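Q: See query_16.json below, with JSON, C-alpha atoms.
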[["chain", "number", "residue", "atom", "x", "y", "z"],
["S", 249, "MET", "CA", -11.62, 311.60, 41.57],
["S", 250, "ILE", "CA", -13.63, 314.62, 40.54],
["S", 251, "THR", "CA", -12.05, 317.95, 41.21],
["S", 252, "ALA", "CA", -14.10, 320.75, 42.72],
["S", 253, "SER", "CA", -15.93, 322.71, 40.07],
["S", 254, "TRP", "CA", -15.84, 326.47, 39.80],
["S", 255, "SER", "CA", -19.56, 326.91, 39.70],
["S", 256, "LYS", "CA", -22.30, 324.84, 41.27],
["S", 257, "SER", "CA", -25.05, 323.09, 39.38],
["S", 258, "PRO", "CA", -28.47, 324.80, 39.45],
["S", 259, "ILE", "CA", -31.35, 322.68, 40.76],
["S", 260, "ARG", "CA", -34.68, 322.39, 38.96],
["S", 261, "ASP", "CA", -37.79, 320.44, 39.92],
["S", 262, "ILE", "CA", -38.94, 317.77, 37.48],
["S", 263, "SER", "CA", -42.65, 317.65, 36.62],
["S", 264, "PRO", "CA", -44.61, 314.50, 37.54],
["S", 265, "THR", "CA", -45.04, 313.71, 33.82],
["S", 266, "GLU", "CA", -41.31, 313.84, 33.19],
["S", 267, "CYS", "CA", -40.70, 311.84, 36.41],
["S", 268, "TRP", "CA", -42.76, 308.99, 34.94],
["S", 269, "GLU", "CA", -40.91, 309.26, 31.62],
["S", 270, "LEU", "CA", -37.61, 308.97, 33.47],
["S", 271, "LEU", "CA", -38.89, 306.03, 35.53],
["S", 272, "THR", "CA", -40.07, 304.27, 32.39],
["S", 273, "GLY", "CA", -36.66, 304.69, 30.77],
["S", 274, "GLU", "CA", -34.77, 302.86, 33.52],
["S", 275, "SER", "CA", -34.44, 299.17, 34.26],
["S", 276, "VAL", "CA", -32.80, 299.34, 37.69],
["S", 277, "GLY", "CA", -34.16, 301.31, 40.64],
["S", 278, "ARG", "CA", -33.87, 301.19, 44.40],
["S", 279, "VAL", "CA", -36.55, 300.29, 46.90],
["S", 280, "ALA", "CA", -36.29, 301.81, 50.36],
["S", 281, "PHE", "CA", -38.22, 300.16, 53.15],
["S", 282, "VAL", "CA", -37.97, 299.98, 56.92],
["S", 283, "ASP", "CA", -37.05, 296.86, 58.86],
["S", 284, "ASP", "CA", -36.27, 296.41, 62.56],
["S", 285, "ALA", "CA", -32.91, 298.19, 62.11],
["S", 286, "GLY", "CA", -34.29, 301.21, 60.26],
["S", 287, "PRO", "CA", -34.34, 302.16, 56.58],
["S", 288, "ALA", "CA", -32.75, 299.83, 54.03],
["S", 289, "VAL", "CA", -32.18, 300.25, 50.30],
["S", 290, "VAL", "CA", -32.12, 297.43, 47.74],
["S", 291, "PRO", "CA", -31.50, 297.74, 43.99],
["S", 292, "VAL", "CA", -34.11, 295.95, 41.89],
["S", 293, "ASN", "CA", -35.18, 295.51, 38.30],
["S", 294, "PHE", "CA", -38.62, 296.90, 37.63],
["S", 295, "THR", "CA", -41.25, 297.79, 35.09],
["S", 296, "VAL", "CA", -43.73, 300.66, 35.06],
["S", 297, "GLU", "CA", -47.41, 299.90, 34.61],
["S", 298, "GLU", "CA", -50.06, 302.63, 34.67],
["S", 299, "GLN", "CA", -48.17, 304.87, 37.08],
["S", 300, "THR", "CA", -47.24, 302.02, 39.39],
["S", 301, "VAL", "CA", -43.88, 300.30, 39.78],
["S", 302, "LEU", "CA", -43.78, 296.52, 39.50],
["S", 303, "ILE", "CA", -40.91, 294.47, 40.96],
["S", 304, "ALA", "CA", -40.27, 290.79, 41.60],
["S", 305, "THR", "CA", -38.31, 289.48, 44.54],
["S", 306, "SER", "CA", -37.80, 286.27, 46.47],
["S", 307, "PRO", "CA", -40.51, 285.55, 49.05],
["S", 308, "TYR", "CA", -37.67, 284.86, 51.51],
["S", 309, "SER", "CA", -35.89, 288.17, 51.02],
["S", 310, "ASN", "CA", -35.64, 290.82, 53.71],
["S", 311, "LEU", "CA", -37.46, 293.07, 51.26],
["S", 312, "ALA", "CA", -40.43, 290.71, 50.99],
["S", 313, "GLN", "CA", -40.54, 290.28, 54.76],
["S", 314, "HIS", "CA", -40.80, 294.00, 55.51],
["S", 315, "VAL", "CA", -42.00, 295.91, 52.45],
["S", 316, "LEU", "CA", -45.71, 295.42, 53.16],
["S", 317, "ARG", "CA", -45.49, 296.67, 56.75],
["S", 318, "GLY", "CA", -45.35, 300.38, 56.05],
["S", 319, "PRO", "CA", -44.62, 303.10, 53.52],
["S", 320, "VAL", "CA", -41.87, 302.60, 50.95],
["S", 321, "ALA", "CA", -39.91, 304.72, 48.52],
["S", 322, "PHE", "CA", -38.62, 303.94, 45.05],
["S", 323, "GLU", "CA", -35.70, 305.89, 43.60],
["S", 324, "VAL", "CA", -34.05, 306.12, 40.19],
["S", 325, "ASP", "CA", -31.31, 308.51, 39.19],
["S", 326, "GLY", "CA", -28.79, 309.32, 36.52],
["S", 327, "VAL", "CA", -25.41, 310.88, 37.16],
["S", 328, "ASP", "CA", -22.90, 312.53, 34.84],
["S", 329, "GLU", "CA", -19.63, 312.75, 36.75],
["S", 330, "PHE", "CA", -17.92, 314.75, 34.03],
["S", 331, "THR", "CA", -20.35, 317.67, 34.09],
["S", 332, "GLU", "CA", -21.23, 317.09, 37.77],
["S", 333, "SER", "CA", -24.89, 317.00, 36.86],
["S", 334, "GLY", "CA", -27.71, 314.51, 37.11],
["S", 335, "TRP", "CA", -31.28, 313.85, 38.00],
["S", 336, "SER", "CA", -33.24, 311.79, 40.49],
["S", 337, "VAL", "CA", -36.84, 310.72, 40.89],
["S", 338, "LEU", "CA", -38.41, 309.59, 44.14],
["S", 339, "ALA", "CA", -41.77, 307.81, 44.25],
["S", 340, "ARG", "CA", -43.23, 307.42, 47.72],
["S", 341, "GLY", "CA", -46.20, 305.29, 48.64],
["S", 342, "HIS", "CA", -47.14, 301.77, 49.63],
["S", 343, "ALA", "CA", -46.43, 298.36, 48.19],
["S", 344, "THR", "CA", -48.94, 295.57, 47.77],
["S", 345, "GLN", "CA", -48.32, 291.96, 46.84],
["S", 346, "VAL", "CA", -49.69, 290.94, 43.45],
["S", 347, "PRO", "CA", -50.66, 287.28, 42.96],
["S", 348, "VAL", "CA", -49.22, 285.95, 39.70],
["S", 349, "SER", "CA", -52.78, 285.27, 38.53],
["S", 350, "GLU", "CA", -53.54, 288.97, 38.79],
["S", 351, "LEU", "CA", -50.57, 290.16, 36.76],
["S", 352, "ASN", "CA", -51.56, 291.79, 33.50],
["S", 353, "PRO", "CA", -50.98, 288.95, 30.99],
["S", 354, "THR", "CA", -50.16, 291.32, 28.14],
["S", 355, "ALA", "CA", -47.85, 293.66, 30.05],
["S", 356, "GLU", "CA", -44.12, 293.36, 30.39],
["S", 357, "ARG", "CA", -43.09, 291.74, 33.69],
["S", 358, "PRO", "CA", -40.05, 292.70, 35.72],
["S", 359, "GLU", "CA", -37.18, 290.37, 34.84],
["S", 360, "PRO", "CA", -34.74, 290.25, 37.73],
["S", 361, "TRP", "CA", -31.17, 289.84, 36.58],
["S", 362, "ALA", "CA", -30.32, 287.95, 39.76],
["S", 363, "GLU", "CA", -30.57, 284.21, 40.11],
["S", 364, "GLY", "CA", -33.12, 282.63, 42.41],
["S", 365, "THR", "CA", -36.87, 282.15, 42.56],
["S", 366, "ARG", "CA", -38.40, 285.61, 42.38],
["S", 367, "THR", "CA", -42.08, 284.84, 42.47],
["S", 368, "PHE", "CA", -43.04, 287.54, 44.96],
["S", 369, "TYR", "CA", -44.49, 290.32, 42.81],
["S", 370, "LEU", "CA", -44.89, 293.73, 44.37],
["S", 371, "ARG", "CA", -46.66, 296.77, 43.07],
["S", 372, "ILE", "CA", -45.65, 300.14, 44.47],
["S", 373, "THR", "CA", -48.44, 302.70, 44.11],
["S", 374, "PRO", "CA", -46.95, 306.12, 44.71],
["S", 375, "SER", "CA", -48.95, 308.81, 46.46],
["S", 376, "GLU", "CA", -46.22, 311.31, 45.56],
["S", 377, "VAL", "CA", -43.66, 311.44, 42.76],
["S", 378, "THR", "CA", -41.02, 314.14, 42.79],
["S", 379, "GLY", "CA", -37.81, 314.70, 40.90],
["S", 380, "ARG", "CA", -34.91, 317.08, 40.77],
["S", 381, "ARG", "CA", -32.39, 317.84, 38.10],
["S", 382, "LEU", "CA", -28.93, 319.24, 38.61],
["S", 383, "LEU", "CA", -28.19, 321.09, 35.39],
["S", 384, "PRO", "CA", -24.61, 321.24, 34.13],
["S", 385, "SER", "CA", -23.24, 324.55, 35.35],
["I", 107, "MET", "CA", -34.77, 298.13, 26.71],
["I", 108, "ILE", "CA", -32.92, 295.07, 27.90],
["I", 109, "THR", "CA", -34.15, 291.76, 26.57],
["I", 110, "ALA", "CA", -34.54, 288.84, 28.93],
["I", 111, "SER", "CA", -31.29, 286.96, 29.35],
["I", 112, "TRP", "CA", -30.96, 283.24, 28.97],
["I", 113, "SER", "CA", -29.24, 282.68, 32.26],
["I", 114, "LYS", "CA", -29.50, 284.61, 35.50],
["I", 115, "SER", "CA", -26.63, 286.36, 37.23],
["I", 116, "PRO", "CA", -25.15, 284.54, 40.25],
["I", 117, "ILE", "CA", -25.11, 286.53, 43.51],
["I", 118, "ARG", "CA", -22.03, 286.81, 45.71],
["I", 119, "ASP", "CA", -21.57, 288.63, 49.02],
["I", 120, "ILE", "CA", -18.95, 291.37, 49.10],
["I", 121, "SER", "CA", -16.55, 291.42, 52.05],
["I", 122, "PRO", "CA", -16.59, 294.48, 54.35],
["I", 123, "THR", "CA", -13.09, 295.40, 53.15],
["I", 124, "GLU", "CA", -14.18, 295.42, 49.52],
["I", 125, "CYS", "CA", -17.38, 297.28, 50.48],
["I", 126, "TRP", "CA", -15.23, 300.13, 51.81],
["I", 127, "GLU", "CA", -13.07, 300.07, 48.68],
["I", 128, "LEU", "CA", -16.20, 300.37, 46.53],
["I", 129, "LEU", "CA", -17.56, 303.19, 48.72],
["I", 130, "THR", "CA", -14.26, 305.05, 48.48],
["I", 131, "GLY", "CA", -14.31, 304.80, 44.70],
["I", 132, "GLU", "CA", -17.66, 306.55, 44.29],
["I", 133, "SER", "CA", -18.57, 310.23, 44.50],
["I", 134, "VAL", "CA", -22.37, 309.93, 44.52],
["I", 135, "GLY", "CA", -24.35, 307.80, 46.95],
["I", 136, "ARG", "CA", -27.86, 307.75, 48.34],
["I", 137, "VAL", "CA", -28.95, 308.47, 51.89],
["I", 138, "ALA", "CA", -32.12, 306.81, 53.13],
["I", 139, "PHE", "CA", -33.81, 308.29, 56.15],
["I", 140, "VAL", "CA", -37.31, 308.30, 57.59],
["I", 141, "ASP", "CA", -39.54, 311.36, 57.76],
["I", 142, "ASP", "CA", -43.20, 311.67, 58.72],
["I", 143, "ALA", "CA", -44.23, 310.01, 55.43],
["I", 144, "GLY", "CA", -41.89, 307.03, 55.71],
["I", 145, "PRO", "CA", -38.54, 306.24, 54.10],
["I", 146, "ALA", "CA", -37.03, 308.73, 51.66],
["I", 147, "VAL", "CA", -33.92, 308.48, 49.47],
["I", 148, "VAL", "CA", -31.74, 311.42, 48.42],
["I", 149, "PRO", "CA", -28.63, 311.27, 46.19],
["I", 150, "VAL", "CA", -25.64, 313.09, 47.69],
["I", 151, "ASN", "CA", -21.97, 313.67, 47.10],
["I", 152, "PHE", "CA", -19.80, 312.21, 49.83],
["I", 153, "THR", "CA", -16.33, 311.36, 51.03],
["I", 154, "VAL", "CA", -15.14, 308.42, 53.11],
["I", 155, "GLU", "CA", -13.12, 309.10, 56.25],
["I", 156, "GLU", "CA", -11.95, 306.31, 58.53],
["I", 157, "GLN", "CA", -14.87, 304.03, 57.80],
["I", 158, "THR", "CA", -17.43, 306.77, 58.10],
["I", 159, "VAL", "CA", -19.32, 308.57, 55.34],
["I", 160, "LEU", "CA", -19.22, 312.37, 55.29],
["I", 161, "ILE", "CA", -21.85, 314.41, 53.46],
["I", 162, "ALA", "CA", -22.81, 318.09, 53.32],
["I", 163, "THR", "CA", -26.34, 319.34, 52.92],
["I", 164, "SER", "CA", -28.38, 322.48, 53.46],
["I", 165, "PRO", "CA", -29.53, 323.01, 57.06],
["I", 166, "TYR", "CA", -33.00, 323.66, 55.64],
["I", 167, "SER", "CA", -33.25, 320.41, 53.66],
["I", 168, "ASN", "CA", -35.72, 317.68, 54.50],
["I", 169, "LEU", "CA", -32.64, 315.46, 54.96],
["I", 170, "ALA", "CA", -31.16, 317.77, 57.61],
["I", 171, "GLN", "CA", -34.50, 318.02, 59.40],
["I", 172, "HIS", "CA", -34.93, 314.26, 59.79],
["I", 173, "VAL", "CA", -31.61, 312.45, 59.43],
["I", 174, "LEU", "CA", -30.63, 312.82, 63.08],
["I", 175, "ARG", "CA", -33.91, 311.41, 64.41],
["I", 176, "GLY", "CA", -33.26, 307.73, 63.81],
["I", 177, "PRO", "CA", -31.24, 305.17, 61.93],
["I", 178, "VAL", "CA", -30.14, 305.85, 58.35],
["I", 179, "ALA", "CA", -28.78, 303.89, 55.42],
["I", 180, "PHE", "CA", -26.27, 304.85, 52.77],
["I", 181, "GLU", "CA", -26.20, 303.05, 49.44],
["I", 182, "VAL", "CA", -23.87, 303.01, 46.44],
["I", 183, "ASP", "CA", -24.11, 300.75, 43.43],
["I", 184, "GLY", "CA", -22.82, 300.13, 39.97],
["I", 185, "VAL", "CA", -24.83, 298.63, 37.15],
["I", 186, "ASP", "CA", -23.81, 297.17, 33.80],
["I", 187, "GLU", "CA", -26.95, 296.95, 31.69],
["I", 188, "PHE", "CA", -25.20, 295.12, 28.87],
["I", 189, "THR", "CA", -24.10, 292.13, 30.95],
["I", 190, "GLU", "CA", -27.05, 292.52, 33.38],
["I", 191, "SER", "CA", -24.60, 292.56, 36.26],
["I", 192, "GLY", "CA", -23.67, 294.96, 39.01],
["I", 193, "TRP", "CA", -22.91, 295.47, 42.65],
["I", 194, "SER", "CA", -24.34, 297.35, 45.58],
["I", 195, "VAL", "CA", -23.13, 298.31, 49.03],
["I", 196, "LEU", "CA", -25.39, 299.25, 51.93],
["I", 197, "ALA", "CA", -24.05, 300.92, 55.08],
["I", 198, "ARG", "CA", -26.53, 301.13, 57.93],
["I", 199, "GLY", "CA", -26.11, 303.13, 61.10],
["I", 200, "HIS", "CA", -26.66, 306.58, 62.53],
["I", 201, "ALA", "CA", -25.78, 310.08, 61.41],
["I", 202, "THR", "CA", -24.38, 312.81, 63.60],
["I", 203, "GLN", "CA", -23.92, 316.47, 62.81],
["I", 204, "VAL", "CA", -20.30, 317.60, 62.58],
["I", 205, "PRO", "CA", -19.54, 321.25, 63.41],
["I", 206, "VAL", "CA", -17.29, 322.76, 60.74],
["I", 207, "SER", "CA", -14.68, 323.39, 63.45],
["I", 208, "GLU", "CA", -14.47, 319.65, 64.08],
["I", 209, "LEU", "CA", -13.94, 318.64, 60.45],
["I", 210, "ASN", "CA", -10.53, 317.14, 59.85],
["I", 211, "PRO", "CA", -8.63, 320.10, 58.34],
["I", 212, "THR", "CA", -6.36, 317.87, 56.27],
["I", 213, "ALA", "CA", -9.04, 315.52, 54.92],
["I", 214, "GLU", "CA", -11.00, 315.93, 51.74],
["I", 215, "ARG", "CA", -14.45, 317.43, 52.33],
["I", 216, "PRO", "CA", -17.58, 316.47, 50.45],
["I", 217, "GLU", "CA", -18.12, 318.92, 47.59],
["I", 218, "PRO", "CA", -21.81, 318.95, 46.68],
["I", 219, "TRP", "CA", -22.37, 319.52, 42.99],
["I", 220, "ALA", "CA", -25.66, 321.28, 43.71],
["I", 221, "GLU", "CA", -25.94, 324.99, 44.26],
["I", 222, "GLY", "CA", -26.93, 326.38, 47.65],
["I", 223, "THR", "CA", -25.39, 326.77, 51.07],
["I", 224, "ARG", "CA", -24.47, 323.29, 52.22],
["I", 225, "THR", "CA", -22.94, 323.92, 55.59],
["I", 226, "PHE", "CA", -24.69, 321.11, 57.42],
["I", 227, "TYR", "CA", -22.05, 318.39, 57.65],
["I", 228, "LEU", "CA", -23.17, 314.90, 58.56],
["I", 229, "ARG", "CA", -21.14, 311.88, 59.45],
["I", 230, "ILE", "CA", -22.74, 308.48, 59.00],
["I", 231, "THR", "CA", -21.12, 305.88, 61.22],
["I", 232, "PRO", "CA", -22.23, 302.46, 60.00],
["I", 233, "SER", "CA", -22.83, 299.65, 62.42],
["I", 234, "GLU", "CA", -23.16, 297.26, 59.48],
["I", 235, "VAL", "CA", -21.76, 297.32, 55.96],
["I", 236, "THR", "CA", -22.90, 294.69, 53.47],
["I", 237, "GLY", "CA", -22.60, 294.29, 49.75],
["I", 238, "ARG", "CA", -23.70, 292.01, 46.98],
["I", 239, "ARG", "CA", -22.40, 291.45, 43.52],
["I", 240, "LEU", "CA", -24.36, 290.12, 40.55],
["I", 241, "LEU", "CA", -21.75, 288.44, 38.38],
["I", 242, "PRO", "CA", -22.18, 288.44, 34.62],
["I", 243, "SER", "CA", -23.77, 285.11, 33.79]]
If you took the structure in this file and wrote it as structure tokens, what would it be?
A:
Amino acid sequence: MITASWSKSPIRDISPTECWELLTGESVGRVAFVDDAGPAVVPVNFTVEEQTVLIATSPYSNLAQHVLRGPVAFEVDGVDEFTESGWSVLARGHATQVPVSELNPTAERPEPWAEGTRTFYLRITPSEVTGRRLLPS
Amino acid sequence: MITASWSKSPIRDISPTECWELLTGESVGRVAFVDDAGPAVVPVNFTVEEQTVLIATSPYSNLAQHVLRGPVAFEVDGVDEFTESGWSVLARGHATQVPVSELNPTAERPEPWAEGTRTFYLRITPSEVTGRRLLPS
């Protein structure tokens, strides 16, 4: 358990350029999409390619079934429990399916850690990327 | 960077009981809600109280403005990049606002790390709690 801190952490916005640097430095993010029960969040491995986020999932997943139907969000964050600080980046936009034949042959592909056939490639093209940093107080 | 692993991590479902144990062990989670632009994800500090999730935010936040309008999701996860394994828990349901006077006086309250007046208490009551574990391969 973390005890209450004396002073609170100041909040600062993160520039779009630094948001992309933070996204590029991570290997696990979270996709939020909406299915019949409302918003859902799924952790995924991903790569960044020209200011888009590339993920691979199973064509039978709940994610694959619903992610193309409306807007999505992609979140990464980093937390330091000791100093009660951290950062988060949220990319909001739409996802499109990418046929394997249209994947950039020279670019790194997302390598899901999870077992299973993950041949359903998705590209999230954000229309907005924002980030916030909680500085150590 | 993580290099591609030889074998993939097997996936196992996490029982609801263990999902609550994992939730209780964390201090930072992520709320997903839907605003006019689609799903959004915001990291928050939280406490667990009788199989509900309690968070505190600013009454002026985008979260506070939209979280009561429809279903929400709450996600926690843990990732081990070295073994390419991890777990995640997703609680889906609805949020209600809790007047300060109705907070349990003897229970721990969420202590946001972030600065600002966070007097808008929300209780997320999940109708479904699921979790998955990627075992080290």
Q: Just need the residues of chain S within 6 Å of chain I, counting all atoms listed in the file, so spit them out as a PyMOL selection string.
A: chain S and resi 256-258+286-288+319-321+332+361-363
Q: With C-alpha atoms retained, write the just-selected residues as an mmCIF file, keeping the file's coordinate frame.
A:
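The new file again.cif reads:
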data_model
loop_
_atom_site.group_PDB
_atom_site.id
_atom_site.type_symbol
_atom_site.label_atom_id
_atom_site.label_comp_id
_atom_site.auth_asym_id
_atom_site.auth_seq_id
_atom_site.Cartn_x
_atom_site.Cartn_y
_atom_site.Cartn_z
ATOM 1 C CA LYS S 256 -22.300 324.840 41.270
ATOM 2 C CA SER S 257 -25.050 323.090 39.380
ATOM 3 C CA PRO S 258 -28.470 324.800 39.450
ATOM 4 C CA GLY S 286 -34.290 301.210 60.260
ATOM 5 C CA PRO S 287 -34.340 302.160 56.580
ATOM 6 C CA ALA S 288 -32.750 299.830 54.030
ATOM 7 C CA PRO S 319 -44.620 303.100 53.520
ATOM 8 C CA VAL S 320 -41.870 302.600 50.950
ATOM 9 C CA ALA S 321 -39.910 304.720 48.520
ATOM 10 C CA GLU S 332 -21.230 317.090 37.770
ATOM 11 C CA TRP S 361 -31.170 289.840 36.580
ATOM 12 C CA ALA S 362 -30.320 287.950 39.760
ATOM 13 C CA GLU S 363 -30.570 284.210 40.110
#
Q: What does the distance from CA of Arg371 (chain S) to CA of Gln345 (chain S) come to in Å, to one decimal?
A: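 Interatomic distance here is 6.3 Å.
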Q: So how far away is CA of Thr265 (chain S) from CA of Asp186 (chain I), in Å?
A: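 We find that CA of Asp186 (chain I) and CA of Thr265 (chain S) lie 26.9 Å from each other.
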Q: Just the residues within 6 Å of Ile161 (chain I), please, counting only C-alpha atoms, with nothing from its chain fewer than 3 positions along; format it as a PyMOL selection string.
A: chain I and resi 152+216+227-228
Q: What is the distance, in Å and to one decimal place, between CA of Leu302 (chain S) and CA of Ile120 (chain I)?
A: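 Result for CA of Leu302 (chain S) versus CA of Ile120 (chain I): 27.1 Å, one decimal.
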Q: Using only C-alpha atoms, find the one residue out of S:Glu298, S:Ser306, S:His314, S:Leu271 that sits nearest to Asp284 (chain S).
A: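 Using only C-alpha atoms, the shortest distance to Asp284 (chain S) belongs to S:His314.
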Q: If you count only C-alpha atoms, which residues fall within 9 Å of Pro264 (chain S), apart from same-chain ones fewer than 6 positions away, as an NGL selection string?
A: :S and (376-379)
Q: Once you add 3 Å to each side, what are the centre and edge lengths of the axis-aligned box holding all listed atoms of region 116-119 of chain I? One decimal in Å, as lines of an AutoDock Vina configuration file, if you can.
A:
center_x = -23.4
center_y = 286.6
center_z = 44.6
size_x = 9.6
size_y = 10.1
size_z = 14.8
Q: Extract region 266-274 of chain S from the coordinates I pasted, and write it as a PDB file, in the first residue's frame (atoms kept: all heavy atoms).
A:
ATOM      1  N   GLU S 266       6.446  14.569 -27.958  1.00  0.00           N
ATOM      2  CA  GLU S 266       6.878  13.702 -26.864  1.00  0.00           C
ATOM      3  C   GLU S 266       5.894  12.538 -26.675  1.00  0.00           C
ATOM      4  O   GLU S 266       6.292  11.436 -26.297  1.00  0.00           O
ATOM      5  CB  GLU S 266       7.025  14.503 -25.567  1.00  0.00           C
ATOM      6  CG  GLU S 266       7.732  13.690 -24.490  1.00  0.00           C
ATOM      7  CD  GLU S 266       7.833  14.414 -23.149  1.00  0.00           C
ATOM      8  OE1 GLU S 266       7.530  15.616 -23.087  1.00  0.00           O
ATOM      9  OE2 GLU S 266       8.196  13.735 -22.164  1.00  0.00           O
ATOM     10  N   CYS S 267       4.605  12.767 -26.951  1.00  0.00           N
ATOM     11  CA  CYS S 267       3.635  11.660 -26.892  1.00  0.00           C
ATOM     12  C   CYS S 267       4.067  10.528 -27.825  1.00  0.00           C
ATOM     13  O   CYS S 267       4.046   9.346 -27.446  1.00  0.00           O
ATOM     14  CB  CYS S 267       2.243  12.146 -27.300  1.00  0.00           C
ATOM     15  SG  CYS S 267       1.379  13.130 -26.055  1.00  0.00           S
ATOM     16  N   TRP S 268       4.476  10.865 -29.034  1.00  0.00           N
ATOM     17  CA  TRP S 268       4.896   9.837 -29.991  1.00  0.00           C
ATOM     18  C   TRP S 268       6.189   9.166 -29.546  1.00  0.00           C
ATOM     19  O   TRP S 268       6.377   7.959 -29.756  1.00  0.00           O
ATOM     20  CB  TRP S 268       5.021  10.412 -31.400  1.00  0.00           C
ATOM     21  CG  TRP S 268       3.668  10.561 -32.043  1.00  0.00           C
ATOM     22  CD1 TRP S 268       2.992  11.721 -32.292  1.00  0.00           C
ATOM     23  CD2 TRP S 268       2.798   9.506 -32.472  1.00  0.00           C
ATOM     24  NE1 TRP S 268       1.766  11.449 -32.852  1.00  0.00           N
ATOM     25  CE2 TRP S 268       1.614  10.105 -32.976  1.00  0.00           C
ATOM     26  CE3 TRP S 268       2.889   8.107 -32.478  1.00  0.00           C
ATOM     27  CZ2 TRP S 268       0.547   9.359 -33.484  1.00  0.00           C
ATOM     28  CZ3 TRP S 268       1.825   7.350 -32.988  1.00  0.00           C
ATOM     29  CH2 TRP S 268       0.679   7.982 -33.473  1.00  0.00           C
ATOM     30  N   GLU S 269       7.085   9.938 -28.926  1.00  0.00           N
ATOM     31  CA  GLU S 269       8.312   9.321 -28.397  1.00  0.00           C
ATOM     32  C   GLU S 269       7.971   8.315 -27.301  1.00  0.00           C
ATOM     33  O   GLU S 269       8.538   7.219 -27.241  1.00  0.00           O
ATOM     34  CB  GLU S 269       9.245  10.405 -27.845  1.00  0.00           C
ATOM     35  CG  GLU S 269       9.944  11.208 -28.932  1.00  0.00           C
ATOM     36  CD  GLU S 269      10.707  12.410 -28.370  1.00  0.00           C
ATOM     37  OE1 GLU S 269      10.842  12.516 -27.136  1.00  0.00           O
ATOM     38  OE2 GLU S 269      11.155  13.244 -29.176  1.00  0.00           O
ATOM     39  N   LEU S 270       7.026   8.675 -26.445  1.00  0.00           N
ATOM     40  CA  LEU S 270       6.628   7.765 -25.365  1.00  0.00           C
ATOM     41  C   LEU S 270       5.940   6.529 -25.936  1.00  0.00           C
ATOM     42  O   LEU S 270       6.190   5.398 -25.510  1.00  0.00           O
ATOM     43  CB  LEU S 270       5.721   8.499 -24.375  1.00  0.00           C
ATOM     44  CG  LEU S 270       6.431   9.538 -23.506  1.00  0.00           C
ATOM     45  CD1 LEU S 270       5.419  10.487 -22.860  1.00  0.00           C
ATOM     46  CD2 LEU S 270       7.264   8.847 -22.428  1.00  0.00           C
ATOM     47  N   LEU S 271       5.067   6.734 -26.923  1.00  0.00           N
ATOM     48  CA  LEU S 271       4.406   5.593 -27.568  1.00  0.00           C
ATOM     49  C   LEU S 271       5.445   4.654 -28.179  1.00  0.00           C
ATOM     50  O   LEU S 271       5.364   3.426 -28.022  1.00  0.00           O
ATOM     51  CB  LEU S 271       3.458   6.084 -28.667  1.00  0.00           C
ATOM     52  CG  LEU S 271       2.059   6.526 -28.234  1.00  0.00           C
ATOM     53  CD1 LEU S 271       1.409   7.377 -29.311  1.00  0.00           C
ATOM     54  CD2 LEU S 271       1.192   5.310 -27.927  1.00  0.00           C
ATOM     55  N   THR S 272       6.417   5.221 -28.849  1.00  0.00           N
ATOM     56  CA  THR S 272       7.420   4.412 -29.543  1.00  0.00           C
ATOM     57  C   THR S 272       8.272   3.609 -28.556  1.00  0.00           C
ATOM     58  O   THR S 272       8.797   2.543 -28.890  1.00  0.00           O
ATOM     59  CB  THR S 272       8.312   5.327 -30.415  1.00  0.00           C
ATOM     60  OG1 THR S 272       7.460   6.083 -31.286  1.00  0.00           O
ATOM     61  CG2 THR S 272       9.290   4.529 -31.248  1.00  0.00           C
ATOM     62  N   GLY S 273       8.406   4.112 -27.338  1.00  0.00           N
ATOM     63  CA  GLY S 273       9.229   3.433 -26.346  1.00  0.00           C
ATOM     64  C   GLY S 273       8.548   2.286 -25.631  1.00  0.00           C
ATOM     65  O   GLY S 273       9.185   1.563 -24.857  1.00  0.00           O
ATOM     66  N   GLU S 274       7.257   2.079 -25.873  1.00  0.00           N
ATOM     67  CA  GLU S 274       6.524   1.037 -25.160  1.00  0.00           C
ATOM     68  C   GLU S 274       6.240  -0.147 -26.076  1.00  0.00           C
ATOM     69  O   GLU S 274       6.213   0.010 -27.295  1.00  0.00           O
ATOM     70  CB  GLU S 274       5.188   1.591 -24.644  1.00  0.00           C
ATOM     71  CG  GLU S 274       5.326   2.711 -23.623  1.00  0.00           C
ATOM     72  CD  GLU S 274       5.917   2.218 -22.311  1.00  0.00           C
ATOM     73  OE1 GLU S 274       5.457   1.206 -21.775  1.00  0.00           O
ATOM     74  OE2 GLU S 274       6.872   2.856 -21.822  1.00  0.00           O
TER      75      GLU S 274
END
